[in-house]
Amino acid sequence: MEPCPERSVWGSQLDQLVDAVLASRNYRHISRDFIAVLGSQELARHSNLKEAIKATRNKLHQVGGAYIESEAHYAAWIALLQQAAVNGDNDQFKRACKSVMGFHASTRERLPMLEQFYTTLLADLPPVRSVIDVACGLHPLAIPWMPLGQGAQYYAYDIYHDMADFLNEFMVLIHMPGYAQTRDVIQHCPTSKVDLAFVLKAIPCLEQVDKNAGLHLLDAINADHLVVSFPVHSLGGRKKGMAANYEARFHDLVRHKNWSIKRFEFATELVFRINKKDSQGCS
Ligand SMILES: C[S@@+](CC[C@H](N)C(=O)[O-])C[C@H]1O[C@@H](n2cnc3c(N)ncnc32)[C@H](O)[C@@H]1O
C-alpha cells in the first residue's frame, strides 16, 4: 500500500518537533513519547511547525517545567543523601530529604506538615504493603515519613528520565523495594493491584493535556485506597477560589461512583481519600 502523503508529512513534522523540543535544555530529559503526544496536539492546532514547537514547549512548562524552578542537581543531591545516610543519624537524613524536596515547587508545599500529613491520611488504614505514586515529582523522598507496612514496595512515575534515575538511587539508598519509572500516566496508567495510590496534585496537570485524564486515572488505578489531592493556591500564591473549584471538579469525577470517600483539608492541599473496596459514599 502507498503511504498516505498527508500522514508522512505529518510524521516528519512531528519528528522535527520532538527533536527541536528535546534539544532545549529544560526539556531534554522528558519522555520522547510524551513530547510526541503533546506535539501532535499542537501540530493539529497550529498552521506552522515553529508555532507548534513553541506551544509544545509552553505546555511542557505548564505541566512539568514550572515545578522545577532551578536546575536539578541530582548528582549533588544523591551525594548529600548518601553522606547523611552514612552518618546514621535519622534526623539528619530527614533534613537532607527535606532540603532536596524543597527544589520541587509542588512537593515543597508539603514540607511544613509532613508528619501530620501521613499520620492523618494513613494511620487508620490496614498495613500498606504496596504503593503507586503517579506524577510523583520528588514526593518519594517523603517515604521516611510514611507509616508503610513491613516489606512495602513503592512504584513512582513521572515524565522526567533524570528524576526517575535519581529516585531509583534514592530508593536503593533507603532499601525500599520497587522502582521509579519515566512514564506518561495518561497514555500508560499503572494498573497493577496495590494497597495505596498517591495521586497528589496531579489531576489539574494531567487534565491540561487530556480533559478525561482524571476520570480515566481514578477508574484505572487498581488500588484499595487512593489519596487524591488538589492545590489550594496557584504556584504564584494566588487563591482565586481554587479549592472550591477543585472540590467541585473532584465531586464531578466521582459522581457516578459508589466509592467511600473521606475529605481532609490541609493548609496547602485539599485531599480526598477514596476507598474502592468498601463502597459507601462521602463523609
Ligand atoms: C503538581 S506536580 C505534583 C508532584 C507530586 N505529586 C507532589 O504532589 O508532590 C505534577 C507532576 O506531574 C508530572 N507530570 C505531568 N504530566 C505527567 C504525565 N502525563 N505523566 C506523569 N507525570 C506527569 C510533572 O512532571 C510534575 O512532577
# chains A, B, ... in the order shown; residues from 1 in each chain; ligands from 1
>>> residues_near_ligand(ligand="ligand 1", cutoff="7 Å", atoms="only C-alpha atoms and all ligand atoms", output="list in words")
Phe34, Val63, Gly64, Gly65, Tyr67, Ser106, Thr107, Val134, Ala135, Cys136, Gly137, Leu138, His139, Tyr157, Asp158, Ile159, Tyr160, Arg183, Asp184, Val185, Ile186, Val199, Leu200, Lys201, Ala202, Cys205 and Leu206 of chain A
>>> residues_around(residues="region 207-210 of chain A", least_positions_apart="4", cutoff="12 Å", atoms="only C-alpha atoms", output="ChimeraX atom specification")
/A:34-35,37-42,56,58-64,184-187,201-203,214-217,246,249,253
>>> write_last_selection(atoms="N, CA and C atoms", output="PDB file, in the first residue's frame")
ATOM      1  N   PHE A  34       6.000  11.265  25.453  1.00  0.00           N
ATOM      2  CA  PHE A  34       5.103  12.293  25.994  1.00  0.00           C
ATOM      3  C   PHE A  34       5.183  13.569  25.149  1.00  0.00           C
ATOM      4  N   ILE A  35       6.406  13.942  24.749  1.00  0.00           N
ATOM      5  CA  ILE A  35       6.552  15.133  23.895  1.00  0.00           C
ATOM      6  C   ILE A  35       5.804  14.914  22.579  1.00  0.00           C
ATOM      7  N   VAL A  37       3.120  13.127  22.095  1.00  0.00           N
ATOM      8  CA  VAL A  37       1.666  13.262  22.323  1.00  0.00           C
ATOM      9  C   VAL A  37       1.291  14.746  22.309  1.00  0.00           C
ATOM     10  N   LEU A  38       2.045  15.557  23.089  1.00  0.00           N
ATOM     11  CA  LEU A  38       1.742  16.996  23.116  1.00  0.00           C
ATOM     12  C   LEU A  38       1.979  17.619  21.744  1.00  0.00           C
ATOM     13  N   GLY A  39       3.071  17.204  21.102  1.00  0.00           N
ATOM     14  CA  GLY A  39       3.415  17.765  19.786  1.00  0.00           C
ATOM     15  C   GLY A  39       2.334  17.512  18.760  1.00  0.00           C
ATOM     16  N   SER A  40       1.752  16.315  18.748  1.00  0.00           N
ATOM     17  CA  SER A  40       0.715  16.061  17.736  1.00  0.00           C
ATOM     18  C   SER A  40      -0.528  16.887  18.030  1.00  0.00           C
ATOM     19  N   GLN A  41      -0.821  17.119  19.313  1.00  0.00           N
ATOM     20  CA  GLN A  41      -1.962  18.012  19.636  1.00  0.00           C
ATOM     21  C   GLN A  41      -1.688  19.412  19.090  1.00  0.00           C
ATOM     22  N   GLU A  42      -0.463  19.886  19.277  1.00  0.00           N
ATOM     23  CA  GLU A  42      -0.146  21.265  18.870  1.00  0.00           C
ATOM     24  C   GLU A  42      -0.029  21.399  17.345  1.00  0.00           C
ATOM     25  N   THR A  56       4.255  23.574  22.202  1.00  0.00           N
ATOM     26  CA  THR A  56       4.592  22.327  22.923  1.00  0.00           C
ATOM     27  C   THR A  56       5.488  22.651  24.116  1.00  0.00           C
ATOM     28  N   ASN A  58       5.621  25.455  25.723  1.00  0.00           N
ATOM     29  CA  ASN A  58       4.795  26.139  26.740  1.00  0.00           C
ATOM     30  C   ASN A  58       3.997  25.136  27.559  1.00  0.00           C
ATOM     31  N   LYS A  59       3.424  24.150  26.877  1.00  0.00           N
ATOM     32  CA  LYS A  59       2.610  23.149  27.587  1.00  0.00           C
ATOM     33  C   LYS A  59       3.491  22.321  28.527  1.00  0.00           C
ATOM     34  N   LEU A  60       4.696  21.984  28.054  1.00  0.00           N
ATOM     35  CA  LEU A  60       5.615  21.221  28.919  1.00  0.00           C
ATOM     36  C   LEU A  60       5.994  22.036  30.146  1.00  0.00           C
ATOM     37  N   HIS A  61       6.123  23.335  29.952  1.00  0.00           N
ATOM     38  CA  HIS A  61       6.428  24.189  31.098  1.00  0.00           C
ATOM     39  C   HIS A  61       5.263  24.130  32.098  1.00  0.00           C
ATOM     40  N   GLN A  62       4.048  24.299  31.587  1.00  0.00           N
ATOM     41  CA  GLN A  62       2.870  24.301  32.483  1.00  0.00           C
ATOM     42  C   GLN A  62       2.732  23.002  33.266  1.00  0.00           C
ATOM     43  N   VAL A  63       2.963  21.855  32.602  1.00  0.00           N
ATOM     44  CA  VAL A  63       2.676  20.580  33.277  1.00  0.00           C
ATOM     45  C   VAL A  63       3.871  19.984  34.007  1.00  0.00           C
ATOM     46  N   GLY A  64       5.059  20.503  33.777  1.00  0.00           N
ATOM     47  CA  GLY A  64       6.235  19.908  34.431  1.00  0.00           C
ATOM     48  C   GLY A  64       7.304  20.924  34.796  1.00  0.00           C
ATOM     49  N   ASP A 184       4.390   8.425  30.922  1.00  0.00           N
ATOM     50  CA  ASP A 184       3.236   9.314  30.775  1.00  0.00           C
ATOM     51  C   ASP A 184       2.035   8.537  31.307  1.00  0.00           C
ATOM     52  N   VAL A 185       1.551   8.939  32.497  1.00  0.00           N
ATOM     53  CA  VAL A 185       0.479   8.149  33.119  1.00  0.00           C
ATOM     54  C   VAL A 185      -0.878   8.372  32.451  1.00  0.00           C
ATOM     55  N   ILE A 186      -0.938   9.327  31.521  1.00  0.00           N
ATOM     56  CA  ILE A 186      -2.202   9.498  30.782  1.00  0.00           C
ATOM     57  C   ILE A 186      -2.320   8.367  29.736  1.00  0.00           C
ATOM     58  N   GLN A 187      -1.242   8.153  28.988  1.00  0.00           N
ATOM     59  CA  GLN A 187      -1.265   7.095  27.962  1.00  0.00           C
ATOM     60  C   GLN A 187      -1.108   5.718  28.585  1.00  0.00           C
ATOM     61  N   LYS A 201      -1.928  16.195  43.702  1.00  0.00           N
ATOM     62  CA  LYS A 201      -1.933  17.422  42.895  1.00  0.00           C
ATOM     63  C   LYS A 201      -1.653  17.139  41.415  1.00  0.00           C
ATOM     64  N   ALA A 202      -2.030  15.949  40.966  1.00  0.00           N
ATOM     65  CA  ALA A 202      -1.707  15.527  39.606  1.00  0.00           C
ATOM     66  C   ALA A 202      -2.845  15.830  38.621  1.00  0.00           C
ATOM     67  N   ILE A 203      -4.086  15.697  39.081  1.00  0.00           N
ATOM     68  CA  ILE A 203      -5.202  15.767  38.131  1.00  0.00           C
ATOM     69  C   ILE A 203      -5.259  17.106  37.377  1.00  0.00           C
ATOM     70  N   GLY A 214      -8.303  12.676  34.420  1.00  0.00           N
ATOM     71  CA  GLY A 214      -8.603  12.448  35.836  1.00  0.00           C
ATOM     72  C   GLY A 214      -9.576  11.285  36.006  1.00  0.00           C
ATOM     73  N   LEU A 215     -10.627  11.317  35.225  1.00  0.00           N
ATOM     74  CA  LEU A 215     -11.655  10.275  35.290  1.00  0.00           C
ATOM     75  C   LEU A 215     -11.046   8.911  34.963  1.00  0.00           C
ATOM     76  N   HIS A 216     -10.268   8.898  33.893  1.00  0.00           N
ATOM     77  CA  HIS A 216      -9.667   7.634  33.453  1.00  0.00           C
ATOM     78  C   HIS A 216      -8.729   7.087  34.533  1.00  0.00           C
ATOM     79  N   LEU A 217      -7.907   7.991  35.110  1.00  0.00           N
ATOM     80  CA  LEU A 217      -6.927   7.578  36.111  1.00  0.00           C
ATOM     81  C   LEU A 217      -7.622   6.985  37.341  1.00  0.00           C
ATOM     82  N   TYR A 246     -11.723  23.064  42.587  1.00  0.00           N
ATOM     83  CA  TYR A 246     -11.205  21.692  42.511  1.00  0.00           C
ATOM     84  C   TYR A 246     -12.101  20.718  43.273  1.00  0.00           C
ATOM     85  N   ARG A 249     -14.774  19.929  40.959  1.00  0.00           N
ATOM     86  CA  ARG A 249     -14.264  19.046  39.901  1.00  0.00           C
ATOM     87  C   ARG A 249     -14.160  17.604  40.409  1.00  0.00           C
ATOM     88  N   LEU A 253     -16.010  14.189  39.157  1.00  0.00           N
ATOM     89  CA  LEU A 253     -15.300  12.972  38.713  1.00  0.00           C
ATOM     90  C   LEU A 253     -15.844  11.709  39.373  1.00  0.00           C
TER      91      LEU A 253
END
>>> atom_distance(atom1="CA of Gly88 (chain A)", atom2="CA of Gly178 (chain A)")
22.6 Å
>>> select_by_dssp(residues="region 40-78 of chain A", states="alpha helix (DSSP H)", output="ChimeraX atom specification")
/A:40-45,49-63,74-78
>>> closest_residue(among="A:Asp133, A:Glu269, A:Glu169, A:Glu69", to="Phe117 (chain A)", atoms="only C-alpha atoms")
A:Glu269
>>> residues_around(residues="Tyr118 (chain A)", least_positions_apart="3", cutoff="8 Å", atoms="only C-alpha atoms", output="ChimeraX atom specification")
/A:114-115,121-123,145-147
>>> write_last_selection(atoms="all heavy atoms", output="PDB file, in the first residue's frame")
ATOM      1  N   LEU A 114       4.688  17.530  57.018  1.00  0.00           N
ATOM      2  CA  LEU A 114       4.943  16.141  56.611  1.00  0.00           C
ATOM      3  C   LEU A 114       4.461  15.114  57.636  1.00  0.00           C
ATOM      4  O   LEU A 114       3.809  14.129  57.274  1.00  0.00           O
ATOM      5  CB  LEU A 114       6.439  15.927  56.359  1.00  0.00           C
ATOM      6  CG  LEU A 114       6.951  16.367  54.984  1.00  0.00           C
ATOM      7  CD1 LEU A 114       8.455  16.133  54.884  1.00  0.00           C
ATOM      8  CD2 LEU A 114       6.245  15.624  53.863  1.00  0.00           C
ATOM      9  N   GLU A 115       4.780  15.342  58.927  1.00  0.00           N
ATOM     10  CA  GLU A 115       4.405  14.353  59.955  1.00  0.00           C
ATOM     11  C   GLU A 115       2.895  14.182  59.963  1.00  0.00           C
ATOM     12  O   GLU A 115       2.366  13.078  59.851  1.00  0.00           O
ATOM     13  CB  GLU A 115       4.819  14.833  61.368  1.00  0.00           C
ATOM     14  CG  GLU A 115       6.264  15.277  61.513  1.00  0.00           C
ATOM     15  CD  GLU A 115       7.212  14.103  61.664  1.00  0.00           C
ATOM     16  OE1 GLU A 115       6.707  12.980  61.846  1.00  0.00           O
ATOM     17  OE2 GLU A 115       8.438  14.316  61.579  1.00  0.00           O
ATOM     18  N   LEU A 121      -3.561  10.774  57.137  1.00  0.00           N
ATOM     19  CA  LEU A 121      -4.134  10.099  55.968  1.00  0.00           C
ATOM     20  C   LEU A 121      -3.953   8.582  55.973  1.00  0.00           C
ATOM     21  O   LEU A 121      -4.757   7.872  55.367  1.00  0.00           O
ATOM     22  CB  LEU A 121      -3.513  10.656  54.678  1.00  0.00           C
ATOM     23  CG  LEU A 121      -3.851  12.111  54.381  1.00  0.00           C
ATOM     24  CD1 LEU A 121      -2.973  12.657  53.267  1.00  0.00           C
ATOM     25  CD2 LEU A 121      -5.329  12.231  53.978  1.00  0.00           C
ATOM     26  N   LEU A 122      -2.906   8.098  56.651  1.00  0.00           N
ATOM     27  CA  LEU A 122      -2.596   6.671  56.500  1.00  0.00           C
ATOM     28  C   LEU A 122      -2.710   5.841  57.773  1.00  0.00           C
ATOM     29  O   LEU A 122      -2.820   4.621  57.700  1.00  0.00           O
ATOM     30  CB  LEU A 122      -1.167   6.481  55.935  1.00  0.00           C
ATOM     31  CG  LEU A 122      -0.823   7.235  54.645  1.00  0.00           C
ATOM     32  CD1 LEU A 122       0.576   6.875  54.181  1.00  0.00           C
ATOM     33  CD2 LEU A 122      -1.827   6.925  53.530  1.00  0.00           C
ATOM     34  N   ALA A 123      -2.671   6.509  58.942  1.00  0.00           N
ATOM     35  CA  ALA A 123      -2.524   5.735  60.185  1.00  0.00           C
ATOM     36  C   ALA A 123      -3.664   4.749  60.402  1.00  0.00           C
ATOM     37  O   ALA A 123      -3.442   3.671  60.970  1.00  0.00           O
ATOM     38  CB  ALA A 123      -2.382   6.673  61.371  1.00  0.00           C
ATOM     39  N   TRP A 145       8.749   9.365  56.062  1.00  0.00           N
ATOM     40  CA  TRP A 145       7.684   9.844  56.956  1.00  0.00           C
ATOM     41  C   TRP A 145       6.435   8.943  56.873  1.00  0.00           C
ATOM     42  O   TRP A 145       5.506   9.129  57.639  1.00  0.00           O
ATOM     43  CB  TRP A 145       7.275  11.278  56.580  1.00  0.00           C
ATOM     44  CG  TRP A 145       8.204  12.336  57.054  1.00  0.00           C
ATOM     45  CD1 TRP A 145       8.095  13.068  58.208  1.00  0.00           C
ATOM     46  CD2 TRP A 145       9.395  12.779  56.406  1.00  0.00           C
ATOM     47  NE1 TRP A 145       9.151  13.943  58.301  1.00  0.00           N
ATOM     48  CE2 TRP A 145       9.969  13.799  57.211  1.00  0.00           C
ATOM     49  CE3 TRP A 145      10.058  12.429  55.220  1.00  0.00           C
ATOM     50  CZ2 TRP A 145      11.147  14.458  56.875  1.00  0.00           C
ATOM     51  CZ3 TRP A 145      11.236  13.071  54.888  1.00  0.00           C
ATOM     52  CH2 TRP A 145      11.766  14.070  55.707  1.00  0.00           C
ATOM     53  N   MET A 146       6.406   8.027  55.910  1.00  0.00           N
ATOM     54  CA  MET A 146       5.160   7.277  55.674  1.00  0.00           C
ATOM     55  C   MET A 146       5.097   6.019  56.536  1.00  0.00           C
ATOM     56  O   MET A 146       6.057   5.242  56.552  1.00  0.00           O
ATOM     57  CB  MET A 146       5.077   6.856  54.190  1.00  0.00           C
ATOM     58  CG  MET A 146       5.028   8.027  53.236  1.00  0.00           C
ATOM     59  SD  MET A 146       5.056   7.418  51.521  1.00  0.00           S
ATOM     60  CE  MET A 146       5.467   8.943  50.650  1.00  0.00           C
ATOM     61  N   PRO A 147       3.974   5.793  57.201  1.00  0.00           N
ATOM     62  CA  PRO A 147       3.847   4.574  58.012  1.00  0.00           C
ATOM     63  C   PRO A 147       3.502   3.364  57.124  1.00  0.00           C
ATOM     64  O   PRO A 147       2.360   2.917  57.094  1.00  0.00           O
ATOM     65  CB  PRO A 147       2.696   4.924  58.969  1.00  0.00           C
ATOM     66  CG  PRO A 147       1.863   5.926  58.232  1.00  0.00           C
ATOM     67  CD  PRO A 147       2.767   6.650  57.276  1.00  0.00           C
TER      68      PRO A 147
END
>>> closest_residue(among="A:Pro231, A:Pro144, A:Pro177, A:Gly151", to="Ala85 (chain A)", atoms="only C-alpha atoms")
A:Pro144
>>> closest_residue(among="A:Thr119, A:Gln83, A:Asn222, A:Ser47", to="Val131 (chain A)", atoms="only C-alpha atoms")
A:Asn222
>>> residues_around(residues="region 10-22 of chain A", least_positions_apart="3", cutoff="9 Å", atoms="only C-alpha atoms", output="PyMOL selection string")
chain A and resi 5-7+25-30+32-33+35-36+39-40+43+49-50+52-54+56-57
>>> select_by_dssp(residues="region 70-268 of chain A", states="strand (DSSP E or B)", output="VMD selection string")
chain A and resid 104 130 to 134 153 to 158 160 178 to 182 194 to 200 223 to 231 260 to 265
>>> write_last_selection(atoms="N, CA, C and O atoms", output="compact mmCIF listing (two decimals), in the first residue's frame")
# COMPACT_ATOMS: atom_id res chain seq x y z
N HIS A 104 11.37 21.05 44.39
CA HIS A 104 10.19 20.82 43.53
C HIS A 104 9.04 21.65 44.12
O HIS A 104 8.62 21.41 45.25
N SER A 130 1.99 -2.03 49.39
CA SER A 130 2.36 -1.68 48.01
C SER A 130 1.74 -0.33 47.68
O SER A 130 0.58 -0.05 48.04
N VAL A 131 2.55 0.51 47.02
CA VAL A 131 2.14 1.90 46.76
C VAL A 131 2.48 2.24 45.32
O VAL A 131 3.56 1.92 44.83
N ILE A 132 1.55 2.94 44.63
CA ILE A 132 1.98 3.62 43.41
C ILE A 132 1.82 5.12 43.63
O ILE A 132 0.94 5.58 44.37
N ASP A 133 2.71 5.86 42.98
CA ASP A 133 2.75 7.31 43.15
C ASP A 133 2.79 7.89 41.73
O ASP A 133 3.83 7.85 41.07
N VAL A 134 1.63 8.36 41.24
CA VAL A 134 1.58 8.82 39.85
C VAL A 134 1.87 10.32 39.77
O VAL A 134 1.44 11.08 40.62
N GLN A 153 6.42 -2.15 49.00
CA GLN A 153 7.05 -1.84 47.71
C GLN A 153 6.46 -0.52 47.20
O GLN A 153 5.28 -0.27 47.41
N TYR A 154 7.30 0.27 46.52
CA TYR A 154 6.89 1.61 46.10
C TYR A 154 7.20 1.78 44.61
O TYR A 154 8.33 1.54 44.17
N TYR A 155 6.20 2.21 43.84
CA TYR A 155 6.37 2.40 42.39
C TYR A 155 5.97 3.83 42.04
O TYR A 155 4.83 4.22 42.29
N ALA A 156 6.93 4.58 41.49
CA ALA A 156 6.70 6.01 41.25
C ALA A 156 6.87 6.33 39.76
O ALA A 156 7.74 5.76 39.09
N TYR A 157 6.06 7.27 39.26
CA TYR A 157 6.05 7.57 37.83
C TYR A 157 6.03 9.09 37.59
O TYR A 157 5.21 9.80 38.19
N ASP A 158 6.90 9.55 36.71
CA ASP A 158 6.86 10.94 36.26
C ASP A 158 7.45 10.97 34.84
O ASP A 158 7.90 9.95 34.33
N TYR A 160 10.07 12.66 33.67
CA TYR A 160 11.49 13.01 33.54
C TYR A 160 12.39 11.79 33.76
O TYR A 160 12.33 11.16 34.82
N GLY A 178 11.08 -1.71 44.90
CA GLY A 178 10.23 -1.01 43.93
C GLY A 178 11.09 -0.27 42.95
O GLY A 178 12.27 -0.56 42.79
N TYR A 179 10.51 0.71 42.28
CA TYR A 179 11.29 1.50 41.31
C TYR A 179 10.57 2.80 40.99
O TYR A 179 9.38 2.95 41.25
N ALA A 180 11.35 3.72 40.39
CA ALA A 180 10.76 4.91 39.76
C ALA A 180 10.92 4.73 38.26
O ALA A 180 11.91 4.15 37.81
N GLN A 181 9.94 5.19 37.51
CA GLN A 181 9.97 4.96 36.07
C GLN A 181 9.50 6.20 35.33
O GLN A 181 8.60 6.90 35.81
N THR A 182 10.11 6.44 34.16
CA THR A 182 9.64 7.53 33.30
C THR A 182 8.40 7.04 32.58
O THR A 182 8.47 6.05 31.86
N VAL A 194 -2.48 -2.63 43.90
CA VAL A 194 -1.70 -2.15 45.06
C VAL A 194 -2.65 -1.82 46.21
O VAL A 194 -3.85 -1.68 46.02
N ASP A 195 -2.05 -1.65 47.40
CA ASP A 195 -2.86 -1.25 48.55
C ASP A 195 -3.23 0.24 48.47
O ASP A 195 -4.33 0.63 48.84
N LEU A 196 -2.26 1.05 48.02
CA LEU A 196 -2.46 2.51 48.09
C LEU A 196 -1.91 3.20 46.85
O LEU A 196 -0.84 2.84 46.35
N ALA A 197 -2.65 4.21 46.37
CA ALA A 197 -2.12 5.04 45.27
C ALA A 197 -2.12 6.49 45.71
O ALA A 197 -3.11 6.98 46.28
N PHE A 198 -1.01 7.17 45.45
CA PHE A 198 -0.96 8.62 45.63
C PHE A 198 -1.22 9.28 44.27
O PHE A 198 -0.52 8.99 43.29
N VAL A 199 -2.22 10.16 44.24
CA VAL A 199 -2.49 10.95 43.04
C VAL A 199 -2.47 12.40 43.52
O VAL A 199 -3.49 13.08 43.64
N LEU A 200 -1.27 12.86 43.90
CA LEU A 200 -1.16 14.13 44.62
C LEU A 200 -0.98 15.30 43.66
O LEU A 200 0.01 15.36 42.91
N ALA A 223 -6.21 0.21 43.10
CA ALA A 223 -5.73 0.31 44.48
C ALA A 223 -6.92 0.22 45.42
O ALA A 223 -8.00 0.70 45.09
N ASP A 224 -6.69 -0.35 46.61
CA ASP A 224 -7.78 -0.37 47.59
C ASP A 224 -8.09 1.06 48.02
O ASP A 224 -9.24 1.44 48.17
N HIS A 225 -7.02 1.85 48.27
CA HIS A 225 -7.20 3.24 48.69
C HIS A 225 -6.44 4.17 47.76
O HIS A 225 -5.31 3.88 47.38
N LEU A 226 -7.06 5.30 47.44
CA LEU A 226 -6.39 6.33 46.63
C LEU A 226 -6.39 7.62 47.42
O LEU A 226 -7.45 8.05 47.92
N VAL A 227 -5.22 8.24 47.55
CA VAL A 227 -5.14 9.56 48.18
C VAL A 227 -4.98 10.56 47.03
O VAL A 227 -3.97 10.59 46.34
N VAL A 228 -6.06 11.33 46.82
CA VAL A 228 -6.13 12.23 45.67
C VAL A 228 -6.14 13.66 46.20
O VAL A 228 -6.97 13.98 47.05
N SER A 229 -5.23 14.50 45.72
CA SER A 229 -5.24 15.86 46.27
C SER A 229 -5.20 16.93 45.20
O SER A 229 -4.94 16.66 44.02
N PHE A 230 -5.49 18.15 45.65
CA PHE A 230 -5.53 19.32 44.78
C PHE A 230 -4.86 20.48 45.52
O PHE A 230 -4.98 20.60 46.74
N PRO A 231 -4.17 21.35 44.77
CA PRO A 231 -3.57 22.52 45.44
C PRO A 231 -4.66 23.50 45.83
O PRO A 231 -5.72 23.53 45.19
N SER A 260 -16.35 4.82 48.84
CA SER A 260 -16.38 5.52 50.12
C SER A 260 -15.28 6.59 50.10
O SER A 260 -14.14 6.29 49.75
N ILE A 261 -15.64 7.84 50.46
CA ILE A 261 -14.68 8.95 50.31
C ILE A 261 -14.61 9.77 51.59
O ILE A 261 -15.65 10.12 52.17
N LYS A 262 -13.39 10.07 52.03
CA LYS A 262 -13.19 10.96 53.17
C LYS A 262 -12.46 12.20 52.70
O LYS A 262 -11.53 12.10 51.88
N ARG A 263 -12.82 13.34 53.27
CA ARG A 263 -12.24 14.62 52.87
C ARG A 263 -11.33 15.14 53.98
O ARG A 263 -11.69 15.05 55.16
N PHE A 264 -10.18 15.68 53.62
CA PHE A 264 -9.23 16.25 54.58
C PHE A 264 -8.76 17.58 54.04
O PHE A 264 -8.50 17.72 52.84
N GLU A 265 -8.60 18.53 54.95
CA GLU A 265 -8.14 19.85 54.50
C GLU A 265 -6.83 20.18 55.20
O GLU A 265 -6.77 20.17 56.42
